[in-house]
$ cat data21.cif   # mmCIF, C-alpha atoms
data_protein
#
loop_
_atom_site.label_atom_id
_atom_site.label_comp_id
_atom_site.auth_asym_id
_atom_site.auth_seq_id
_atom_site.Cartn_x
_atom_site.Cartn_y
_atom_site.Cartn_z
CA MET A 16 8.60 33.98 18.05
CA SER A 17 5.31 32.19 18.66
CA ASP A 18 4.64 28.73 19.98
CA PRO A 19 5.99 26.29 17.38
CA ARG A 20 3.69 23.46 18.47
CA ALA A 21 0.61 25.64 17.85
CA ALA A 22 1.96 26.73 14.46
CA VAL A 23 2.52 23.15 13.29
CA ALA A 24 -0.73 21.88 14.79
CA ALA A 25 -2.68 24.43 12.71
CA VAL A 26 -1.38 23.03 9.38
CA VAL A 27 -4.32 21.54 7.47
CA ASP A 28 -4.27 18.26 5.61
CA PRO A 29 -3.81 19.08 1.90
CA GLU A 30 -6.32 16.46 0.75
CA ILE A 31 -8.95 16.89 3.48
CA ARG A 32 -8.65 20.56 4.14
CA VAL A 33 -11.21 20.76 6.95
CA VAL A 34 -8.98 18.94 9.46
CA THR A 35 -5.49 19.67 10.71
CA ILE A 36 -2.58 17.24 10.71
CA ASP A 37 -2.78 17.32 14.50
CA GLU A 38 -6.45 16.29 14.53
CA LEU A 39 -5.69 13.47 12.05
CA GLY A 40 -2.90 12.11 14.24
CA ILE A 41 -0.28 12.67 11.52
CA LEU A 42 1.62 15.07 13.81
CA ARG A 43 3.37 12.98 16.46
CA SER A 44 5.52 15.50 18.31
CA VAL A 45 7.21 18.89 18.29
CA ASP A 46 10.34 18.83 20.46
CA GLU A 47 13.67 20.51 20.82
CA ASP A 48 16.69 18.32 20.18
CA PRO A 49 18.52 18.56 23.56
CA ALA A 50 21.92 18.25 21.89
CA THR A 51 21.55 20.84 19.15
CA GLY A 52 18.67 22.94 20.43
CA ARG A 53 17.09 22.52 17.01
CA LEU A 54 13.34 22.11 16.72
CA VAL A 55 12.31 18.60 15.61
CA VAL A 56 8.86 17.91 14.17
CA THR A 57 7.90 14.25 13.89
CA ILE A 58 5.15 13.16 11.52
CA THR A 59 3.82 9.81 10.30
CA PRO A 60 1.92 9.06 7.07
CA THR A 61 -1.59 7.66 7.05
CA TYR A 62 -0.75 5.28 4.18
CA THR A 63 2.77 4.40 3.00
CA GLY A 64 2.11 5.83 -0.45
CA CYS A 65 0.26 8.92 0.73
CA PRO A 66 1.12 11.49 -1.96
CA ALA A 67 0.34 14.39 0.36
CA MET A 68 3.43 13.94 2.53
CA ASP A 69 5.68 16.24 0.48
CA VAL A 70 3.07 19.00 0.61
CA ILE A 71 2.59 18.47 4.35
CA ARG A 72 6.33 18.80 4.93
CA ALA A 73 6.44 21.99 2.86
CA ASP A 74 3.42 23.42 4.71
CA ILE A 75 5.01 22.66 8.10
CA ARG A 76 8.22 24.36 7.01
CA ARG A 77 6.28 27.41 5.86
CA ALA A 78 4.22 27.61 9.05
CA LEU A 79 7.32 27.35 11.22
CA ALA A 80 9.20 29.95 9.21
CA ALA A 81 6.29 32.34 9.69
CA ALA A 82 6.35 31.60 13.43
CA GLY A 83 10.04 32.42 13.64
CA HIS A 84 11.52 28.91 13.47
CA PRO A 85 13.04 28.65 9.99
CA ASP A 86 15.50 25.81 10.58
CA ALA A 87 13.38 23.03 12.08
CA GLU A 88 14.07 19.42 11.20
CA ILE A 89 11.13 17.32 10.00
CA ARG A 90 11.36 13.61 10.71
CA THR A 91 9.03 11.02 9.18
CA VAL A 92 8.49 7.87 11.22
CA TYR A 93 6.61 4.69 10.32
CA SER A 94 6.45 3.01 13.68
CA PRO A 95 4.09 2.74 15.42
CA ALA A 96 1.92 2.58 12.30
CA TRP A 97 -0.77 5.25 12.04
CA SER A 98 -4.25 4.21 13.03
CA THR A 99 -7.59 5.94 12.47
CA ASP A 100 -7.99 5.62 16.24
CA TRP A 101 -5.57 8.55 16.48
CA ILE A 102 -8.07 10.93 14.87
CA SER A 103 -9.27 13.24 17.64
CA ALA A 104 -12.93 13.72 18.63
CA ARG A 105 -12.78 17.25 17.20
CA GLY A 106 -11.32 15.84 13.98
CA ARG A 107 -14.15 13.33 13.70
CA GLU A 108 -16.75 16.05 14.17
CA LYS A 109 -15.14 18.16 11.46
CA LEU A 110 -14.98 15.22 9.05
CA ALA A 111 -18.65 14.45 9.57
CA ALA A 112 -19.58 18.11 9.12
CA ALA A 113 -17.73 18.08 5.80
CA GLY A 114 -19.68 15.07 4.57
CA ILE A 115 -17.01 12.45 5.30
CA ALA A 116 -18.20 9.65 7.57
CA PRO A 117 -15.58 9.18 10.29
CA PRO A 118 -14.09 5.71 10.86
CA ALA A 119 -15.31 3.17 13.38
CA PRO A 120 -12.74 2.14 15.99
CA ALA A 121 -10.05 -0.13 14.50
CA ARG A 122 -10.16 -3.36 16.49
CA ALA A 123 -6.80 -4.13 18.01
CA GLY A 124 -5.25 -7.35 16.79
CA THR A 125 -7.09 -7.63 13.50
CA VAL A 126 -5.92 -6.05 10.30
CA VAL A 127 -9.24 -5.67 8.52
CA PRO A 128 -11.59 -4.25 11.08
CA LEU A 129 -15.22 -5.21 11.16
CA THR A 130 -17.27 -2.43 9.65
CA LEU A 131 -20.26 -1.54 11.75
CA ALA A 132 -23.12 0.50 10.35
CA VAL A 133 -21.82 3.71 8.80
CA ARG A 134 -24.16 6.63 9.27
CA CYS A 135 -24.82 8.93 6.35
CA PRO A 136 -23.03 12.21 7.19
CA ARG A 137 -25.79 14.18 5.44
CA CYS A 138 -29.07 12.75 6.77
CA GLY A 139 -27.83 10.54 9.62
CA SER A 140 -29.49 7.40 8.30
CA PRO A 141 -27.78 4.09 9.11
CA GLU A 142 -29.22 2.65 5.87
CA THR A 143 -26.01 2.91 3.87
CA GLU A 144 -23.98 0.64 1.62
CA GLN A 145 -20.42 0.43 0.44
CA VAL A 146 -19.96 1.17 -3.26
CA SER A 147 -16.21 0.63 -3.29
CA ARG A 148 -13.69 0.07 -0.54
CA PHE A 149 -11.31 2.42 -2.33
CA GLY A 150 -12.17 6.10 -2.72
CA SER A 151 -10.90 9.48 -3.82
CA THR A 152 -7.81 9.25 -1.59
CA ALA A 153 -5.91 6.27 -0.15
CA CYS A 154 -7.58 6.63 3.25
CA LYS A 155 -11.21 6.75 2.06
CA ALA A 156 -13.88 4.34 0.81
CA LEU A 157 -16.90 5.27 -1.30
CA TRP A 158 -20.35 4.76 0.25
CA ARG A 159 -23.93 5.57 -0.64
CA CYS A 160 -26.94 6.37 1.51
CA ARG A 161 -30.06 4.34 0.74
CA SER A 162 -32.28 6.88 2.50
CA CYS A 163 -31.24 10.15 0.86
CA SER A 164 -29.40 8.55 -2.11
CA GLU A 165 -26.34 10.74 -1.61
CA PRO A 166 -22.92 9.20 -2.22
CA PHE A 167 -20.34 10.04 0.45
CA ASP A 168 -16.75 9.33 1.50
CA HIS A 169 -15.99 7.20 4.52
CA LEU A 170 -12.60 7.24 6.22
CA LYS A 171 -11.61 3.56 6.39
CA ALA A 172 -10.75 2.19 9.82
CA LEU A 173 -7.07 1.25 9.78
CA MET B 30 18.08 -13.51 -1.00
CA SER B 31 19.24 -14.31 2.53
CA ALA B 32 21.38 -11.22 3.11
CA PRO B 33 19.41 -8.20 4.37
CA PHE B 34 20.21 -6.13 1.25
CA ASP B 35 19.15 -8.82 -1.24
CA PHE B 36 16.03 -9.59 0.76
CA THR B 37 14.96 -5.95 1.07
CA LEU B 38 15.71 -5.30 -2.59
CA ALA B 39 13.61 -8.32 -3.67
CA LEU B 40 10.62 -7.15 -1.62
CA GLY B 41 11.01 -3.59 -2.87
CA ASP B 42 11.20 -4.77 -6.49
CA ASP B 43 8.08 -6.94 -6.06
CA ALA B 44 6.15 -3.91 -4.82
CA LEU B 45 7.56 -1.54 -7.45
CA ILE B 46 6.84 -3.77 -10.44
CA ALA B 47 3.39 -4.66 -9.08
CA ALA B 48 2.66 -0.93 -8.75
CA GLN B 49 3.75 -0.22 -12.30
CA ARG B 50 1.62 -3.07 -13.71
CA LEU B 51 -1.47 -2.11 -11.71
CA GLY B 52 -1.01 1.49 -12.80
CA GLU B 53 -1.52 0.36 -16.40
CA TRP B 54 -5.20 -0.14 -15.57
CA THR B 55 -5.72 3.54 -14.79
CA SER B 56 -8.54 4.84 -17.02
CA ARG B 57 -9.01 1.33 -18.49
CA ALA B 58 -10.67 -0.63 -15.67
CA PRO B 59 -14.08 -2.22 -16.29
CA GLU B 60 -15.84 0.31 -14.07
CA MET B 61 -15.06 3.61 -12.39
CA GLU B 62 -14.91 2.23 -8.85
CA GLU B 63 -12.50 -0.49 -9.94
CA ASP B 64 -10.34 2.08 -11.68
CA VAL B 65 -10.05 3.96 -8.40
CA ALA B 66 -9.44 0.73 -6.47
CA LEU B 67 -6.62 -0.48 -8.71
CA ALA B 68 -4.97 2.94 -8.68
CA ASN B 69 -5.16 2.99 -4.87
CA ILE B 70 -3.65 -0.48 -4.58
CA ALA B 71 -0.90 0.55 -7.01
CA LEU B 72 -0.22 3.58 -4.81
CA ASP B 73 0.05 1.40 -1.70
CA GLN B 74 2.51 -0.86 -3.50
CA LEU B 75 4.51 2.16 -4.59
CA GLY B 76 4.56 3.45 -1.03
CA ALA B 77 5.95 0.15 0.25
CA ALA B 78 8.43 0.06 -2.65
CA ARG B 79 9.79 3.50 -1.78
CA LEU B 80 10.39 2.56 1.86
CA LEU B 81 11.96 -0.79 0.96
CA LEU B 82 14.20 0.55 -1.81
CA THR B 83 15.33 3.50 0.31
CA TYR B 84 16.32 1.08 3.05
CA ALA B 85 17.94 -1.33 0.57
CA GLY B 86 20.09 1.56 -0.67
CA GLU B 87 21.19 2.32 2.89
CA LEU B 88 21.99 -1.33 3.57
CA GLU B 89 24.09 -1.49 0.42
CA GLY B 90 26.00 1.62 1.46
CA ALA B 91 27.00 2.54 -2.10
CA GLY B 92 25.11 5.81 -2.17
CA ARG B 93 22.14 4.59 -4.23
CA ASP B 94 18.79 6.09 -3.23
CA GLU B 95 15.28 4.89 -4.16
CA ASP B 96 15.41 6.66 -7.52
CA ALA B 97 18.80 5.22 -8.45
CA LEU B 98 17.53 1.74 -7.66
CA ALA B 99 14.21 2.17 -9.46
CA TYR B 100 15.33 4.03 -12.53
CA LEU B 101 18.95 3.20 -13.16
CA ARG B 102 19.11 -0.59 -13.07
CA GLY B 103 18.77 -2.90 -16.04
CA ASP B 104 16.46 -5.92 -16.09
CA ARG B 105 19.13 -8.36 -14.93
CA GLU B 106 19.64 -6.30 -11.78
CA PHE B 107 15.98 -6.50 -10.73
CA ARG B 108 15.14 -9.13 -8.10
CA ASN B 109 11.33 -9.18 -8.31
CA CYS B 110 9.44 -12.45 -8.69
CA LEU B 111 8.17 -13.31 -12.16
CA LEU B 112 4.54 -13.16 -11.00
CA VAL B 113 4.46 -9.36 -10.77
CA GLU B 114 6.03 -8.73 -14.19
CA LEU B 115 3.54 -10.91 -16.10
CA PRO B 116 1.30 -8.82 -18.35
CA ASN B 117 -2.07 -7.82 -16.92
CA GLY B 118 -4.07 -9.98 -19.33
CA ASP B 119 -7.81 -9.63 -18.89
CA PHE B 120 -9.37 -8.49 -15.62
CA ALA B 121 -9.48 -12.08 -14.33
CA VAL B 122 -5.73 -12.52 -14.86
CA THR B 123 -5.06 -9.23 -13.07
CA MET B 124 -7.21 -10.37 -10.14
CA ALA B 125 -5.54 -13.80 -10.02
CA LYS B 126 -2.13 -12.09 -9.91
CA LEU B 127 -3.22 -9.64 -7.21
CA PHE B 128 -4.91 -12.40 -5.22
CA PHE B 129 -1.78 -14.55 -5.11
CA LEU B 130 0.52 -11.57 -4.51
CA ALA B 131 -1.57 -10.26 -1.60
CA ALA B 132 -1.96 -13.76 -0.12
CA TYR B 133 1.86 -13.84 -0.05
CA GLN B 134 2.52 -10.24 1.01
CA LEU B 135 0.08 -10.24 3.95
CA PRO B 136 1.76 -13.08 5.91
CA LEU B 137 5.15 -11.79 4.74
CA TYR B 138 4.62 -8.27 6.08
CA SER B 139 2.98 -9.64 9.22
CA ALA B 140 6.03 -11.82 9.91
CA LEU B 141 8.30 -8.90 9.07
CA ALA B 142 6.53 -6.80 11.70
CA GLY B 143 7.97 -9.16 14.32
CA CYS B 144 11.45 -9.59 12.87
CA GLY B 145 14.65 -8.40 14.54
CA ASP B 146 15.40 -5.59 12.08
CA GLU B 147 13.74 -2.45 13.40
CA ARG B 148 13.34 -0.72 10.03
CA LEU B 149 11.90 -3.79 8.31
CA ALA B 150 9.59 -4.37 11.29
CA ALA B 151 8.21 -0.84 10.99
CA ILE B 152 7.66 -1.21 7.24
CA GLY B 153 5.98 -4.60 7.77
CA ALA B 154 3.66 -3.28 10.48
CA LYS B 155 2.57 -0.44 8.22
CA ALA B 156 2.28 -2.36 4.95
CA ARG B 157 0.37 -5.31 6.35
CA LYS B 158 -2.64 -3.14 7.13
CA GLU B 159 -2.77 -2.10 3.48
CA SER B 160 -2.10 -5.64 2.25
CA ALA B 161 -5.11 -6.88 4.18
CA TYR B 162 -7.32 -4.57 2.11
CA HIS B 163 -5.69 -5.78 -1.13
CA LEU B 164 -6.27 -9.42 -0.22
CA ASP B 165 -9.83 -8.69 0.77
CA HIS B 166 -10.50 -6.89 -2.49
CA ALA B 167 -8.90 -9.54 -4.72
CA SER B 168 -10.59 -12.38 -2.80
CA LEU B 169 -13.93 -10.72 -3.33
CA TRP B 170 -13.43 -10.52 -7.09
CA VAL B 171 -12.14 -14.10 -7.34
CA ARG B 172 -15.30 -15.28 -5.55
CA ARG B 173 -17.59 -13.03 -7.56
CA LEU B 174 -16.14 -14.06 -10.92
CA GLY B 175 -15.62 -17.72 -10.05
CA ASP B 176 -19.10 -18.13 -8.66
CA GLY B 177 -20.66 -15.81 -11.24
CA THR B 178 -21.78 -16.54 -14.78
CA GLU B 179 -20.59 -19.43 -16.90
CA GLU B 180 -18.32 -17.06 -18.82
CA SER B 181 -16.87 -15.33 -15.75
CA HIS B 182 -16.24 -18.73 -14.17
CA ARG B 183 -14.48 -19.98 -17.28
CA ARG B 184 -12.24 -16.93 -17.47
CA MET B 185 -11.42 -16.85 -13.76
CA GLN B 186 -10.47 -20.54 -13.83
CA ALA B 187 -8.34 -19.98 -16.93
CA ALA B 188 -6.61 -17.06 -15.17
CA VAL B 189 -5.89 -19.10 -12.01
CA ASP B 190 -4.52 -21.94 -14.17
CA GLN B 191 -2.33 -19.55 -16.14
CA VAL B 192 -0.83 -17.75 -13.16
CA TRP B 193 -0.53 -20.66 -10.72
CA PRO B 194 2.92 -21.92 -11.84
CA TYR B 195 4.40 -18.56 -10.85
CA VAL B 196 3.37 -18.71 -7.19
CA HIS B 197 5.93 -21.37 -6.26
CA GLU B 198 8.85 -18.99 -6.76
CA LEU B 199 7.49 -16.78 -3.96
CA PHE B 200 8.19 -19.44 -1.35
CA THR B 201 11.73 -20.42 -2.32
CA ALA B 202 13.55 -21.09 0.94
CA ALA B 203 16.03 -18.45 2.09
CA PRO B 204 17.33 -19.62 5.46
CA GLY B 205 18.81 -16.78 7.44
CA ALA B 206 16.74 -14.09 5.72
CA PRO B 207 14.85 -11.68 8.03
CA VAL B 208 11.78 -13.79 7.13
CA ASP B 209 12.27 -17.13 5.34
CA PRO B 210 9.60 -17.12 2.59
CA ALA B 211 9.26 -20.91 2.85
CA THR B 212 7.60 -20.44 6.25
CA LEU B 213 4.74 -18.46 4.65
CA ARG B 214 3.46 -21.19 2.36
CA ALA B 215 1.03 -22.76 4.86
CA ASP B 216 -0.75 -19.42 5.44
CA PHE B 217 -0.91 -18.81 1.71
CA ASP B 218 -2.28 -22.26 0.95
CA ALA B 219 -4.93 -22.05 3.65
CA HIS B 220 -6.34 -18.73 2.45
CA VAL B 221 -6.06 -19.47 -1.26
CA SER B 222 -7.68 -22.90 -0.97
CA ALA B 223 -10.60 -21.53 1.05
CA VAL B 224 -11.32 -18.71 -1.41
CA LEU B 225 -10.95 -20.93 -4.49
CA ALA B 226 -13.35 -23.48 -2.98
CA GLU B 227 -15.88 -20.79 -2.20
CA ALA B 228 -15.48 -19.45 -5.73
CA THR B 229 -16.22 -22.95 -7.12
CA LEU B 230 -12.80 -22.90 -8.74
CA THR B 231 -10.38 -25.81 -8.95
CA ARG B 232 -6.99 -25.37 -7.39
CA PRO B 233 -4.47 -26.29 -10.12
CA ALA B 234 -2.10 -29.21 -9.61
CA ASP B 235 1.47 -28.25 -8.77
CA GLY B 236 3.81 -28.93 -11.67
CA TRP B 237 5.87 -26.53 -13.74
CA ALA B 238 7.40 -23.94 -11.41
CA PRO B 239 9.30 -21.24 -13.30
CA GLY B 240 11.71 -19.14 -11.25
CA GLY B 241 14.82 -17.05 -11.62
CA GLY B 242 13.44 -13.63 -10.77
CA ARG B 243 15.31 -13.51 -7.46
CA ASP B 244 18.54 -14.09 -9.41
CA GLY B 245 17.78 -11.45 -12.03
CA VAL B 246 16.69 -13.91 -14.72
CA HIS B 247 13.40 -12.51 -15.99
CA ASN B 248 11.06 -13.05 -18.89
CA GLU B 249 10.94 -10.56 -21.74
CA HIS B 250 7.96 -8.65 -20.27
CA LEU B 251 10.08 -6.94 -17.64
CA SER B 252 12.29 -5.16 -20.17
CA TYR B 253 9.33 -3.49 -21.85
CA LEU B 254 7.89 -2.49 -18.49
CA LEU B 255 11.21 -0.97 -17.40
CA ALA B 256 11.63 0.87 -20.68
CA GLU B 257 8.36 2.69 -20.07
CA MET B 258 8.97 3.23 -16.35
CA GLN B 259 12.54 4.49 -16.73
CA VAL B 260 12.51 6.46 -19.97
CA LEU B 261 11.81 9.86 -18.45
CA HIS B 262 14.41 9.58 -15.73
CA ARG B 263 17.04 8.28 -18.12
CA ALA B 264 16.34 11.04 -20.64
CA HIS B 265 16.30 13.74 -17.94
CA PRO B 266 18.41 12.46 -15.02
CA GLY B 267 17.29 13.91 -11.71
CA ALA B 268 14.10 15.37 -13.19
CA LYS B 269 11.68 16.61 -10.53
CA TRP B 270 8.09 17.71 -10.71
#
$ encode --input "data21.cif" --output "structure tokens"
Amino acid sequence: MSDPRAAVAAVVDPEIRVVTIDELGILRSVDEDPATGRLVVTITPTYTGCPAMDVIRADIRRALAAAGHPDAEIRTVYSPAWSTDWISARGREKLAAAGIAPPAPARAGTVVPLTLAVRCPRCGSPETEQVSRFGSTACKALWRCRSCSEPFDHLKAL
Amino acid sequence: MSAPFDFTLALGDDALIAAQRLGEWTSRAPEMEEDVALANIALDQLGAARLLLTYAGELEGAGRDEDALAYLRGDREFRNCLLVELPNGDFAVTMAKLFFLAAYQLPLYSALAGCGDERLAAIGAKARKESAYHLDHASLWVRRLGDGTEESHRRMQAAVDQVWPYVHELFTAAPGAPVDPATLRADFDAHVSAVLAEATLTRPADGWAPGGGRDGVHNEHLSYLLAEMQVLHRAHPGAKW
């Protein structure tokens, strides 16, 4: 049996396949229930309606079965609410490398954070503009670079 | 809607019916970006609806899950406000509806985040972040259309006038509810008045105030909406993808 935490942490996000659920902050904990000795994986969705959650749960189950832990319990929690601030530095680097501009810090206390300049993930130019605040998945907005003219996704600060 | 079950069911039904209506725009929006935006907002509403209806089912304790509540109730058993079941109309009417709904849901979910019920507080804290984006988006369109061309101004004003009577039902007092909707009216008025003024639109006078949605008395539009939403599940109970 291999380390269950490492097995779960390696599960990739089904919609943004370059980052893992651990790097996105979706994975909250991997613990053993002291009463039952059963493995408990706790996850939280990025958005309430995120359609990837069922696939994520199935992928976790598969990864744990392969690691020798077939009967883990997967709990989904909603509090505290997920924030883009939970995306790790490594996760941000991977997003940028895949052409998705990572989010600015979400300002505590406000619900719509101020958007600072978003750098084009392709050419690095700060001369960019928002095309639509809603993008190809619930967590992304659509932007365009005025320097290189490329459209790109931007993970919205939340 | 003071009891926790009735309150949670009403909020869940608002979100569910709003999601279904917004979903009707998919592939029909005026531009591609707006198509994506409306579908995303619909998805957020559906996400909130699933959490609220699941919890409502647990509060009721009769073994009904989110699917039983969404697919196996008739129109008289739905507790959504009339605003969300109104037909989409033109794009201006859709934006007026979304604008008023989001201006109500944002302070509602924010207040819910601080209420004594742990589950509702968690749902509120999560949903309010999404609501803020909805309100921002709808406010932007109301300003753009209101302060746009003569034609866009005319249609946005007509939409606001048409939908306005239905906002009053949202704030019907429910003392003892986890959040009394009557306490949200000031927040709603402040935001709505500011955006309408900026959009060069006239805030309609308060007069006719239809209601009944919270008691299951709906207009005929809801039945057609439910027929489409429920047909698959009723024909194939328990169907899964």
$ interface_residues --input "data21.cif" --of "chain A" --to "chain B" --cutoff "9 Å" --atoms "all atoms listed in the file" --output "count of residues only"
24
$ residues_around --input "data21.cif" --residues "B:Asp35" --least-positions-apart "3" --cutoff "10 Å" --atoms "all atoms listed in the file" --output "list in words"
Met30, Ser31, Ala32, Leu38, Ala39, Leu40, Gly41, Ala85, Leu88, Glu89, Arg108, Ala206, Arg243 and Asp244 of chain B
$ atom_distance --input "data21.cif" --atom1 "atom CA of A:Pro117" --atom2 "atom CA of A:Leu170"
5.4 Å
$ atom_distance --input "data21.cif" --atom1 "atom CA of A:Glu144" --atom2 "atom CA of A:Glu30"
23.7 Å
$ resolve_selection --input "data21.cif" --expression "the PyMOL selection byres ((chain A and resi 164) around 10)" --output "tab-separated table (two decimals) with C-alpha atoms, keeping the file's coordinate frame"
chain	number	residue	atom	x	y	z
A	135	CYS	CA	-24.82	8.93	6.35
A	138	CYS	CA	-29.07	12.75	6.77
A	142	GLU	CA	-29.22	2.65	5.87
A	143	THR	CA	-26.01	2.91	3.87
A	159	ARG	CA	-23.93	5.57	-0.64
A	160	CYS	CA	-26.94	6.37	1.51
A	161	ARG	CA	-30.06	4.34	0.74
A	162	SER	CA	-32.28	6.88	2.50
A	163	CYS	CA	-31.24	10.15	0.86
A	165	GLU	CA	-26.34	10.74	-1.61
A	166	PRO	CA	-22.92	9.20	-2.22
A	167	PHE	CA	-20.34	10.04	0.45
$ closest_residue --input "data21.cif" --among "B:Ala48, B:Leu98, B:Leu230, B:Ala131" --to "B:Leu174" --atoms "only C-alpha atoms"
B:Leu230
$ closest_residue --input "data21.cif" --among "A:Ala81, A:Asp168, A:Gly139, A:Ala104" --to "A:Ala116" --atoms "all atoms listed in the file"
A:Asp168
$ atom_distance --input "data21.cif" --atom1 "atom CA of B:Arg214" --atom2 "atom CA of B:Thr201"
9.5 Å
$ resolve_selection --input "data21.cif" --expression "the PyMOL selection byres ((chain A and resi 102) around 12)" --output "PyMOL selection string"
chain A and resi 34-43+61+97-101+103-110+117-121+170-173
$ write_last_selection --input "data21.cif" --atoms "C-alpha atoms" --output "short mmCIF file (atom, residue, chain, number, x, y, z; two decimals), in the frame of the given file"
data_model
loop_
_atom_site.label_atom_id
_atom_site.label_comp_id
_atom_site.auth_asym_id
_atom_site.auth_seq_id
_atom_site.Cartn_x
_atom_site.Cartn_y
_atom_site.Cartn_z
CA VAL A 34 -8.98 18.94 9.46
CA THR A 35 -5.49 19.67 10.71
CA ILE A 36 -2.58 17.24 10.71
CA ASP A 37 -2.78 17.32 14.50
CA GLU A 38 -6.45 16.29 14.53
CA LEU A 39 -5.69 13.47 12.05
CA GLY A 40 -2.90 12.11 14.24
CA ILE A 41 -0.28 12.67 11.52
CA LEU A 42 1.62 15.07 13.81
CA ARG A 43 3.37 12.98 16.46
CA THR A 61 -1.59 7.66 7.05
CA TRP A 97 -0.77 5.25 12.04
CA SER A 98 -4.25 4.21 13.03
CA THR A 99 -7.59 5.94 12.47
CA ASP A 100 -7.99 5.62 16.24
CA TRP A 101 -5.57 8.55 16.48
CA SER A 103 -9.27 13.24 17.64
CA ALA A 104 -12.93 13.72 18.63
CA ARG A 105 -12.78 17.25 17.20
CA GLY A 106 -11.32 15.84 13.98
CA ARG A 107 -14.15 13.33 13.70
CA GLU A 108 -16.75 16.05 14.17
CA LYS A 109 -15.14 18.16 11.46
CA LEU A 110 -14.98 15.22 9.05
CA PRO A 117 -15.58 9.18 10.29
CA PRO A 118 -14.09 5.71 10.86
CA ALA A 119 -15.31 3.17 13.38
CA PRO A 120 -12.74 2.14 15.99
CA ALA A 121 -10.05 -0.13 14.50
CA LEU A 170 -12.60 7.24 6.22
CA LYS A 171 -11.61 3.56 6.39
CA ALA A 172 -10.75 2.19 9.82
CA LEU A 173 -7.07 1.25 9.78
#
$ residues_around --input "data21.cif" --residues "B:Arg50" --least-positions-apart "3" --cutoff "8 Å" --atoms "only C-alpha atoms" --output "list in words"
Ile46, Ala47, Glu53, Trp54, Val113, Glu114, Pro116, Asn117 and Leu254 of chain B
$ write_last_selection --input "data21.cif" --atoms "C-alpha atoms" --output "PDB file, in the frame of the given file"
ATOM      1  CA  ILE B  46       6.840  -3.770 -10.440  1.00  0.00           C
ATOM      2  CA  ALA B  47       3.390  -4.660  -9.080  1.00  0.00           C
ATOM      3  CA  GLU B  53      -1.520   0.360 -16.400  1.00  0.00           C
ATOM      4  CA  TRP B  54      -5.200  -0.140 -15.570  1.00  0.00           C
ATOM      5  CA  VAL B 113       4.460  -9.360 -10.770  1.00  0.00           C
ATOM      6  CA  GLU B 114       6.030  -8.730 -14.190  1.00  0.00           C
ATOM      7  CA  PRO B 116       1.300  -8.820 -18.350  1.00  0.00           C
ATOM      8  CA  ASN B 117      -2.070  -7.820 -16.920  1.00  0.00           C
ATOM      9  CA  LEU B 254       7.890  -2.490 -18.490  1.00  0.00           C
TER      10      LEU B 254
END
$ resolve_selection --input "data21.cif" --expression "the PyMOL selection byres ((chain B and resi 86) around 10)" --output "list of chain:residue names"
B:Phe34, B:Thr37, B:Leu38, B:Leu81, B:Leu82, B:Thr83, B:Tyr84, B:Ala85, B:Glu87, B:Leu88, B:Glu89, B:Gly90, B:Ala91, B:Gly92, B:Arg93, B:Asp94, B:Glu95, B:Asp96, B:Ala97, B:Leu98
$ write_last_selection --input "data21.cif" --atoms "C-alpha atoms" --output "PDB file, in the frame of the given file"
ATOM      1  CA  PHE B  34      20.210  -6.130   1.250  1.00  0.00           C
ATOM      2  CA  THR B  37      14.960  -5.950   1.070  1.00  0.00           C
ATOM      3  CA  LEU B  38      15.710  -5.300  -2.590  1.00  0.00           C
ATOM      4  CA  LEU B  81      11.960  -0.790   0.960  1.00  0.00           C
ATOM      5  CA  LEU B  82      14.200   0.550  -1.810  1.00  0.00           C
ATOM      6  CA  THR B  83      15.330   3.500   0.310  1.00  0.00           C
ATOM      7  CA  TYR B  84      16.320   1.080   3.050  1.00  0.00           C
ATOM      8  CA  ALA B  85      17.940  -1.330   0.570  1.00  0.00           C
ATOM      9  CA  GLU B  87      21.190   2.320   2.890  1.00  0.00           C
ATOM     10  CA  LEU B  88      21.990  -1.330   3.570  1.00  0.00           C
ATOM     11  CA  GLU B  89      24.090  -1.490   0.420  1.00  0.00           C
ATOM     12  CA  GLY B  90      26.000   1.620   1.460  1.00  0.00           C
ATOM     13  CA  ALA B  91      27.000   2.540  -2.100  1.00  0.00           C
ATOM     14  CA  GLY B  92      25.110   5.810  -2.170  1.00  0.00           C
ATOM     15  CA  ARG B  93      22.140   4.590  -4.230  1.00  0.00           C
ATOM     16  CA  ASP B  94      18.790   6.090  -3.230  1.00  0.00           C
ATOM     17  CA  GLU B  95      15.280   4.890  -4.160  1.00  0.00           C
ATOM     18  CA  ASP B  96      15.410   6.660  -7.520  1.00  0.00           C
ATOM     19  CA  ALA B  97      18.800   5.220  -8.450  1.00  0.00           C
ATOM     20  CA  LEU B  98      17.530   1.740  -7.660  1.00  0.00           C
TER      21      LEU B  98
END
$ residues_around --input "data21.cif" --residues "stretch 233-239 of chain B" --least-positions-apart "6" --cutoff "6 Å" --atoms "only C-alpha atoms" --output "PyMOL selection string"
chain B and resi 190+194+197
$ closest_residue --input "data21.cif" --among "B:Leu101, B:Ala132, B:Leu149, B:Cys110" --to "B:Asp42" --atoms "all atoms listed in the file"
B:Cys110
$ closest_residue --input "data21.cif" --among "B:Asp216, B:Gly242, B:Val208, B:His262" --to "B:Asp146" --atoms "all atoms listed in the file"
B:Val208
$ closest_residue --input "data21.cif" --among "A:Gly114, A:Pro60, A:Pro141, A:Gly52" --to "A:Asp86" --atoms "all atoms listed in the file"
A:Gly52
$ axis_aligned_box --input "data21.cif" --around "stretch 247-260 of chain B" --padding-each-side "3 Å" --output "JSON"
{"center_x": 10.6, "center_y": -3.3, "center_z": -18.9, "size_x": 11.5, "size_y": 25.5, "size_z": 11.9}
